[in-house]
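Visitor: PDB, C-alpha atoms, saved as data-v2.pdb, coming up:
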MODEL        1
ATOM      1  CA  MET A   1       1.689 -15.688 -18.045
ATOM      2  CA  SER A   2       1.004 -13.020 -20.676
ATOM      3  CA  ASP A   3      -2.585 -14.214 -21.213
ATOM      4  CA  ILE A   4      -3.507 -13.923 -17.541
ATOM      5  CA  GLN A   5      -1.704 -10.586 -17.292
ATOM      6  CA  ASP A   6      -3.726  -9.189 -20.183
ATOM      7  CA  LYS A   7      -6.968 -10.489 -18.705
ATOM      8  CA  LEU A   8      -6.168  -9.104 -15.272
ATOM      9  CA  LYS A   9      -5.305  -5.700 -16.732
ATOM     10  CA  GLU A  10      -8.655  -5.596 -18.534
ATOM     11  CA  ASN A  11     -10.635  -6.504 -15.418
ATOM     12  CA  VAL A  12      -8.636  -4.141 -13.197
ATOM     13  CA  ALA A  13      -9.232  -1.285 -15.643
ATOM     14  CA  ALA A  14     -12.954  -2.127 -15.679
ATOM     15  CA  GLY A  15     -13.132  -2.380 -11.896
ATOM     16  CA  GLN A  16     -14.274  -6.000 -12.085
ATOM     17  CA  TRP A  17     -12.534  -7.046  -8.887
ATOM     18  CA  GLY A  18     -14.667 -10.118  -8.297
ATOM     19  CA  GLU A  19     -13.495 -11.395 -11.666
ATOM     20  CA  VAL A  20      -9.907 -10.538 -10.778
ATOM     21  CA  VAL A  21     -10.161 -12.681  -7.630
ATOM     22  CA  HIS A  22     -11.687 -15.567  -9.568
ATOM     23  CA  ASP A  23      -9.064 -15.459 -12.326
ATOM     24  CA  CYS A  24      -6.193 -15.215  -9.826
ATOM     25  CA  GLU A  25      -7.475 -18.165  -7.810
ATOM     26  CA  GLN A  26      -7.824 -20.286 -10.937
ATOM     27  CA  TYR A  27      -4.407 -19.301 -12.273
ATOM     28  CA  GLU A  28      -2.683 -19.965  -8.944
ATOM     29  CA  LEU A  29      -4.249 -23.423  -8.747
ATOM     30  CA  LYS A  30      -3.258 -24.324 -12.305
ATOM     31  CA  THR A  31       0.321 -23.076 -11.994
ATOM     32  CA  GLN A  32       0.890 -24.831  -8.666
ATOM     33  CA  MET A  33      -0.419 -28.086 -10.125
ATOM     34  CA  ARG A  34       2.308 -27.704 -12.770
ATOM     35  CA  GLY A  35       4.896 -26.902 -10.115
ATOM     36  CA  GLY A  36       5.119 -23.208 -10.957
ATOM     37  CA  ASN A  37       4.150 -19.867  -9.444
ATOM     38  CA  GLY A  38       3.066 -16.421 -10.522
ATOM     39  CA  ASP A  39       5.379 -13.420 -10.401
ATOM     40  CA  ALA A  40       5.366 -10.507  -7.956
ATOM     41  CA  ALA A  41       2.993  -8.404 -10.100
ATOM     42  CA  PHE A  42       0.486 -11.272 -10.163
ATOM     43  CA  TYR A  43       0.504 -11.784  -6.392
ATOM     44  CA  ASN A  44       0.347  -8.043  -5.732
ATOM     45  CA  THR A  45      -2.794  -7.819  -7.860
ATOM     46  CA  PHE A  46      -4.184 -10.947  -6.182
ATOM     47  CA  MET A  47      -3.712  -9.480  -2.681
ATOM     48  CA  ILE A  48      -5.145  -6.105  -3.645
ATOM     49  CA  ALA A  49      -8.189  -7.797  -5.179
ATOM     50  CA  TYR A  50      -8.883  -9.673  -1.941
ATOM     51  CA  LEU A  51      -8.647  -6.423   0.015
ATOM     52  CA  ILE A  52     -10.897  -4.521  -2.387
ATOM     53  CA  THR A  53     -13.538  -7.258  -2.139
ATOM     54  CA  ASN A  54     -13.174  -7.102   1.652
ATOM     55  CA  ASP A  55     -11.852 -10.647   2.022
ATOM     56  CA  LEU A  56      -9.215 -10.141   4.694
ATOM     57  CA  ASP A  57      -9.159 -13.805   5.721
ATOM     58  CA  ASN A  58      -8.146 -14.999   2.261
ATOM     59  CA  ALA A  59      -5.670 -12.132   1.936
ATOM     60  CA  ARG A  60      -3.900 -13.325   5.083
ATOM     61  CA  PHE A  61      -3.912 -16.946   3.921
ATOM     62  CA  LEU A  62      -2.514 -15.862   0.556
ATOM     63  CA  HIS A  63       0.320 -14.008   2.252
ATOM     64  CA  LYS A  64       1.224 -17.131   4.223
ATOM     65  CA  ARG A  65       1.630 -19.194   1.058
ATOM     66  CA  LEU A  66       3.522 -16.631  -1.032
ATOM     67  CA  PRO A  67       6.514 -18.075  -2.903
ATOM     68  CA  ASP A  68       9.962 -17.352  -1.514
ATOM     69  CA  GLY A  69      11.033 -13.821  -2.254
ATOM     70  CA  ILE A  70       7.593 -12.459  -3.175
ATOM     71  CA  ALA A  71       6.736 -11.452   0.396
ATOM     72  CA  LYS A  72       9.791  -9.169   0.456
ATOM     73  CA  ASP A  73       8.829  -7.423  -2.783
ATOM     74  CA  GLY A  74       8.475  -3.685  -2.216
ATOM     75  CA  ASP A  75       4.812  -3.474  -3.220
ATOM     76  CA  MET A  76       3.901  -6.668  -1.372
ATOM     77  CA  SER A  77       5.495  -5.369   1.821
ATOM     78  CA  ALA A  78       3.333  -2.252   1.560
ATOM     79  CA  ILE A  79       0.240  -4.315   0.768
ATOM     80  CA  TRP A  80       0.865  -6.530   3.780
ATOM     81  CA  LEU A  81       1.253  -3.496   6.031
ATOM     82  CA  ALA A  82      -2.049  -2.156   4.678
ATOM     83  CA  THR A  83      -3.657  -5.557   5.298
ATOM     84  CA  GLN A  84      -2.522  -5.546   8.917
ATOM     85  CA  CYS A  85      -3.906  -2.039   9.385
ATOM     86  CA  LEU A  86      -7.287  -3.111   8.000
ATOM     87  CA  TRP A  87      -7.296  -6.264  10.123
ATOM     88  CA  ASN A  88      -6.652  -4.209  13.258
ATOM     89  CA  LYS A  89      -9.086  -1.490  12.136
ATOM     90  CA  LYS A  90      -6.374   1.164  12.097
ATOM     91  CA  LEU A  91      -7.857   3.144   9.241
ATOM     92  CA  PRO A  92      -5.769   6.343   9.513
ATOM     93  CA  GLU A  93      -2.625   4.193   9.520
ATOM     94  CA  PHE A  94      -3.946   2.254   6.510
ATOM     95  CA  HIS A  95      -4.320   5.413   4.441
ATOM     96  CA  ALA A  96      -0.918   6.673   5.592
ATOM     97  CA  ALA A  97       0.730   3.407   4.546
ATOM     98  CA  ILE A  98      -0.900   3.466   1.114
ATOM     99  CA  SER A  99      -0.003   7.113   0.492
ATOM    100  CA  ALA A 100       3.600   6.804   1.690
ATOM    101  CA  HIS A 101       4.596   3.982  -0.671
ATOM    102  CA  GLN A 102       5.886   4.496  -4.210
ATOM    103  CA  TRP A 103       3.815   1.950  -6.136
ATOM    104  CA  GLN A 104       5.126   0.174  -9.221
ATOM    105  CA  ASN A 105       1.560   0.038 -10.514
ATOM    106  CA  PRO A 106       0.094   3.451  -9.566
ATOM    107  CA  ASN A 107      -3.460   2.490 -10.571
ATOM    108  CA  ILE A 108      -4.153  -0.289  -8.077
ATOM    109  CA  ALA A 109      -3.527   1.401  -4.715
ATOM    110  CA  PRO A 110      -6.010   4.269  -5.330
ATOM    111  CA  ALA A 111      -8.672   1.676  -6.200
ATOM    112  CA  LEU A 112      -8.080  -0.002  -2.835
ATOM    113  CA  GLN A 113      -8.255   3.289  -0.957
ATOM    114  CA  GLU A 114     -11.499   4.273  -2.641
ATOM    115  CA  ALA A 115     -13.072   0.883  -1.915
ATOM    116  CA  VAL A 116     -12.110   1.142   1.760
ATOM    117  CA  ARG A 117     -13.368   4.729   1.953
ATOM    118  CA  GLU A 118     -16.725   3.795   0.470
ATOM    119  CA  ARG A 119     -17.165   0.842   2.835
ATOM    120  CA  THR A 120     -16.090   2.904   5.835
ATOM    121  CA  LEU A 121     -18.469   5.728   5.041
ATOM    122  CA  GLN A 122     -21.383   3.327   4.621
ATOM    123  CA  LEU A 123     -20.560   1.564   7.893
ATOM    124  CA  TYR A 124     -20.276   4.807   9.833
ATOM    125  CA  SER A 125     -23.514   6.164   8.414
ATOM    126  CA  ARG A 126     -25.294   3.006   9.625
ATOM    127  CA  ALA A 127     -23.546   2.719  12.985
ATOM    128  CA  TYR A 128     -23.787   6.320  14.180
ATOM    129  CA  LEU A 129     -26.419   9.024  14.348
ATOM    130  CA  SER A 130     -23.692  11.662  14.139
ATOM    131  CA  VAL A 131     -19.914  11.938  13.974
ATOM    132  CA  ALA A 132     -17.389  14.764  14.132
ATOM    133  CA  VAL A 133     -16.258  15.769  10.655
ATOM    134  CA  LYS A 134     -12.600  15.577  11.701
ATOM    135  CA  ASP A 135     -13.069  12.016  12.992
ATOM    136  CA  LEU A 136     -14.732  10.923   9.771
ATOM    137  CA  ALA A 137     -11.967  12.598   7.785
ATOM    138  CA  ALA A 138      -9.333  10.674   9.766
ATOM    139  CA  VAL A 139     -10.801   7.238   9.027
ATOM    140  CA  LEU A 140     -11.348   8.147   5.364
ATOM    141  CA  GLY A 141      -7.834   9.512   4.991
ATOM    142  CA  VAL A 142      -9.029  12.803   3.489
ATOM    143  CA  SER A 143      -9.475  16.435   4.503
ATOM    144  CA  PRO A 144     -12.564  17.451   6.544
ATOM    145  CA  ASP A 145     -13.997  19.272   3.520
ATOM    146  CA  ASP A 146     -13.538  16.198   1.332
ATOM    147  CA  ALA A 147     -15.067  13.948   3.999
ATOM    148  CA  LEU A 148     -18.182  16.132   4.067
ATOM    149  CA  LYS A 149     -18.399  16.173   0.271
ATOM    150  CA  ARG A 150     -18.098  12.389   0.124
ATOM    151  CA  ALA A 151     -20.832  11.939   2.724
ATOM    152  CA  GLU A 152     -23.123  14.305   0.833
ATOM    153  CA  ALA A 153     -22.380  12.512  -2.443
ATOM    154  CA  GLN A 154     -23.390   9.213  -0.821
ATOM    155  CA  LYS A 155     -26.657  10.883   0.259
ATOM    156  CA  VAL A 156     -26.222   9.774   3.872
ATOM    157  CA  VAL A 157     -26.205  13.255   5.422
ATOM    158  CA  LYS A 158     -29.327  14.398   7.236
ATOM    159  CA  LYS A 159     -27.849  17.724   8.341
ATOM    160  CA  VAL A 160     -24.607  19.392   9.389
ATOM    161  CA  GLU A 161     -24.449  21.215  12.701
ATOM    162  CA  GLY A 162     -21.193  22.934  13.519
ATOM    163  CA  ASP A 163     -18.434  20.345  13.285
ATOM    164  CA  PHE A 164     -20.785  17.342  13.292
ATOM    165  CA  ILE A 165     -22.440  15.366  10.521
ATOM    166  CA  HIS A 166     -25.838  13.888  11.346
ATOM    167  CA  PHE A 167     -26.618  10.826   9.275
ATOM    168  CA  GLN A 168     -29.857   9.751   7.671
ATOM    169  CA  ALA A 169     -31.622   6.885   9.431
ATOM    170  CA  SER A 170     -30.605   3.707   7.670
ATOM    171  CA  LYS A 171     -31.326   0.013   8.011
ATOM    172  CA  ALA A 172     -28.680  -2.637   7.438
ATOM    173  CA  PRO A 173     -29.401  -4.630   4.253
ATOM    174  CA  GLN A 174     -31.174  -7.925   4.842
ATOM    175  CA  LYS A 175     -30.265  -9.509   1.524
ATOM    176  CA  ALA A 176     -26.839 -10.548   0.350
ATOM    177  CA  THR A 177     -25.024  -7.877  -1.635
ATOM    178  CA  THR A 178     -22.504  -8.619  -4.363
ATOM    179  CA  VAL A 179     -19.278  -7.307  -5.810
ATOM    180  CA  ASP A 180     -19.145  -8.047  -9.550
ATOM    181  CA  GLY A 181     -21.623 -10.891  -9.018
ATOM    182  CA  VAL A 182     -19.711 -12.385  -6.069
ATOM    183  CA  VAL A 183     -21.487 -12.405  -2.710
ATOM    184  CA  SER A 184     -19.528 -10.146  -0.348
ATOM    185  CA  ASN A 185     -21.735  -9.981   2.757
ATOM    186  CA  THR A 186     -25.180 -10.540   4.209
ATOM    187  CA  GLY A 187     -27.262  -8.578   6.644
ATOM    188  CA  MET A 188     -25.778 -10.551   9.543
ATOM    189  CA  ASN A 189     -22.224  -9.982   8.313
ATOM    190  CA  THR A 190     -22.940  -6.288   7.966
ATOM    191  CA  LEU A 191     -24.305  -6.210  11.516
ATOM    192  CA  LYS A 192     -21.157  -7.934  12.775
ATOM    193  CA  LYS A 193     -18.967  -5.376  11.005
ATOM    194  CA  LEU A 194     -20.997  -2.534  12.453
ATOM    195  CA  CYS A 195     -20.567  -3.933  15.957
ATOM    196  CA  ASN A 196     -16.822  -4.290  15.442
ATOM    197  CA  HIS A 197     -16.519  -0.709  14.261
ATOM    198  CA  VAL A 198     -18.604   0.600  17.133
ATOM    199  CA  LEU A 199     -16.463  -1.277  19.648
ATOM    200  CA  PHE A 200     -13.334   0.095  17.963
ATOM    201  CA  MET A 201     -14.584   3.681  18.077
ATOM    202  CA  GLU A 202     -15.648   3.401  21.710
ATOM    203  CA  LYS A 203     -12.178   2.235  22.868
TER     204      LYS A 203
ENDMDL
END
Represent the structure of the file as structure tokens.
Guide:
Amino acid sequence: MSDIQDKLKENVAAGQWGEVVHDCEQYELKTQMRGGNGDAAFYNTFMIAYLITNDLDNARFLHKRLPDGIAKDGDMSAIWLATQCLWNKKLPEFHAAISAHQWQNPNIAPALQEAVRERTLQLYSRAYLSVAVKDLAAVLGVSPDDALKRAEAQKVVKKVEGDFIHFQASKAPQKATTVDGVVSNTGMNTLKKLCNHVLFMEK
């Protein structure tokens, strides 16, 4: 187990989450073929990696096959709550759940939050012409000032009028994009996500 732990730590530190997913999948397969399982730290990293790479389906399937006892681990319980929030598009609740938990590994949860914030900001900038700063702040889990700074840093802001951010005109990508060399979505998948977010916001 020490070899995979060392490798995972290296890839986590480097932000190579696609590699983390690959290594976890391979290790899980090999250990189960030998009749064994990983420990709680391994499965926590595995789940987080799926969420960071935006693979909610596999995260849910992984949770269903967790070894006895792992699902009740403190970090895993928090990860599962965060997964449910993402699945149901409850972004403010997601950030609240992440921030409220005392993580055994304090480096992984912030990486997940930042990945979700970046994806959310990109989706909103493509789905809307404008949005209230306070609404954007809520789904990013940050203050209004920080939300504006993040949008400006992403170069998606056309102008700011009062309490509203007006986004630059943007086209959804037509080619597949990757995370650490692993295909994460296509133009059609991006369009589907945009539609889901728009429907969620209009409820």
Visitor: State, in Å with one decimal place, the distance from atom CA of A:Lys158 to atom CA of A:Asp145.
Guide: 16.5 Å
Visitor: As a VMD selection string, please: the residues near stretch 162-168 of chain A (cut-off 10 Å, all atoms listed in the file, same-chain neighbours under 2 positions excluded).
Guide: chain A and resid 124 to 136 144 147 to 148 151 to 152 155 to 160 170 to 171
Visitor: Residues within 8 Å of stretch 89-106 of chain A, please, as a short mmCIF file (atom, residue, chain, number, x, y, z; two decimals) with C-alpha atoms, keeping the file's coordinate frame. Count only C-alpha atoms; anything in the same chain fewer than 6 positions from it doesn't count.
Guide:
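Written output follows (around_18.cif):
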data_model
loop_
_atom_site.label_atom_id
_atom_site.label_comp_id
_atom_site.auth_asym_id
_atom_site.auth_seq_id
_atom_site.Cartn_x
_atom_site.Cartn_y
_atom_site.Cartn_z
CA ASP A 75 4.81 -3.47 -3.22
CA ALA A 78 3.33 -2.25 1.56
CA ILE A 79 0.24 -4.32 0.77
CA LEU A 81 1.25 -3.50 6.03
CA ALA A 82 -2.05 -2.16 4.68
CA THR A 83 -3.66 -5.56 5.30
CA GLN A 113 -8.26 3.29 -0.96
CA ALA A 138 -9.33 10.67 9.77
CA VAL A 139 -10.80 7.24 9.03
CA LEU A 140 -11.35 8.15 5.36
CA GLY A 141 -7.83 9.51 4.99
CA HIS A 197 -16.52 -0.71 14.26
CA PHE A 200 -13.33 0.10 17.96
#
Visitor: Which neighbours of A:Pro67 fall inside 12 Å, counting all atoms listed in the file, when residues of the same chain fewer than 6 positions from it are skipped, and could you give them as a PyMOL selection string?
Guide: chain A and resi 28+32+35-40+42-43+73+76
Visitor: Which residues, named as in the file, does the PyMOL selection byres ((chain A and resi 24) around 9) pick out? Answer as a list in words.
Guide: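 Applying the expression gives Ile4, Leu8, Glu19, Val20, Val21, His22, Asp23, Glu25, Gln26, Tyr27, Glu28, Leu29, Phe42, Tyr43, Thr45, Phe46 and Ala49 of chain A.
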Visitor: How far is it from atom CA of A:Thr53 to atom CA of A:Gly15, in Å with one decimal?
Guide: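 One can read the atom CA of A:Thr53 to atom CA of A:Gly15 distance as 10.9 Å.
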Visitor: Counting all atoms listed in the file, which residue out of A:Leu121, A:Ala14, A:Met47, A:Ala137 sits closest to A:Arg65?
Guide: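 Closest candidate: A:Met47.
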Visitor: Rank A:Ser77, A:Ile70, A:Leu86, A:Val12 by their smallest atom-to-atom distance to A:Asn107, using all atoms listed in the file, and report the top residue only.
Guide: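 The shortest atom-to-atom distance to A:Asn107 comes from A:Val12.
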Visitor: Enter the distance from atom CA of A:Lys7 to atom CA of A:Cys85, in Å, rounded to one decimal.
Guide: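 Between these atoms lies a distance of 29.5 Å.
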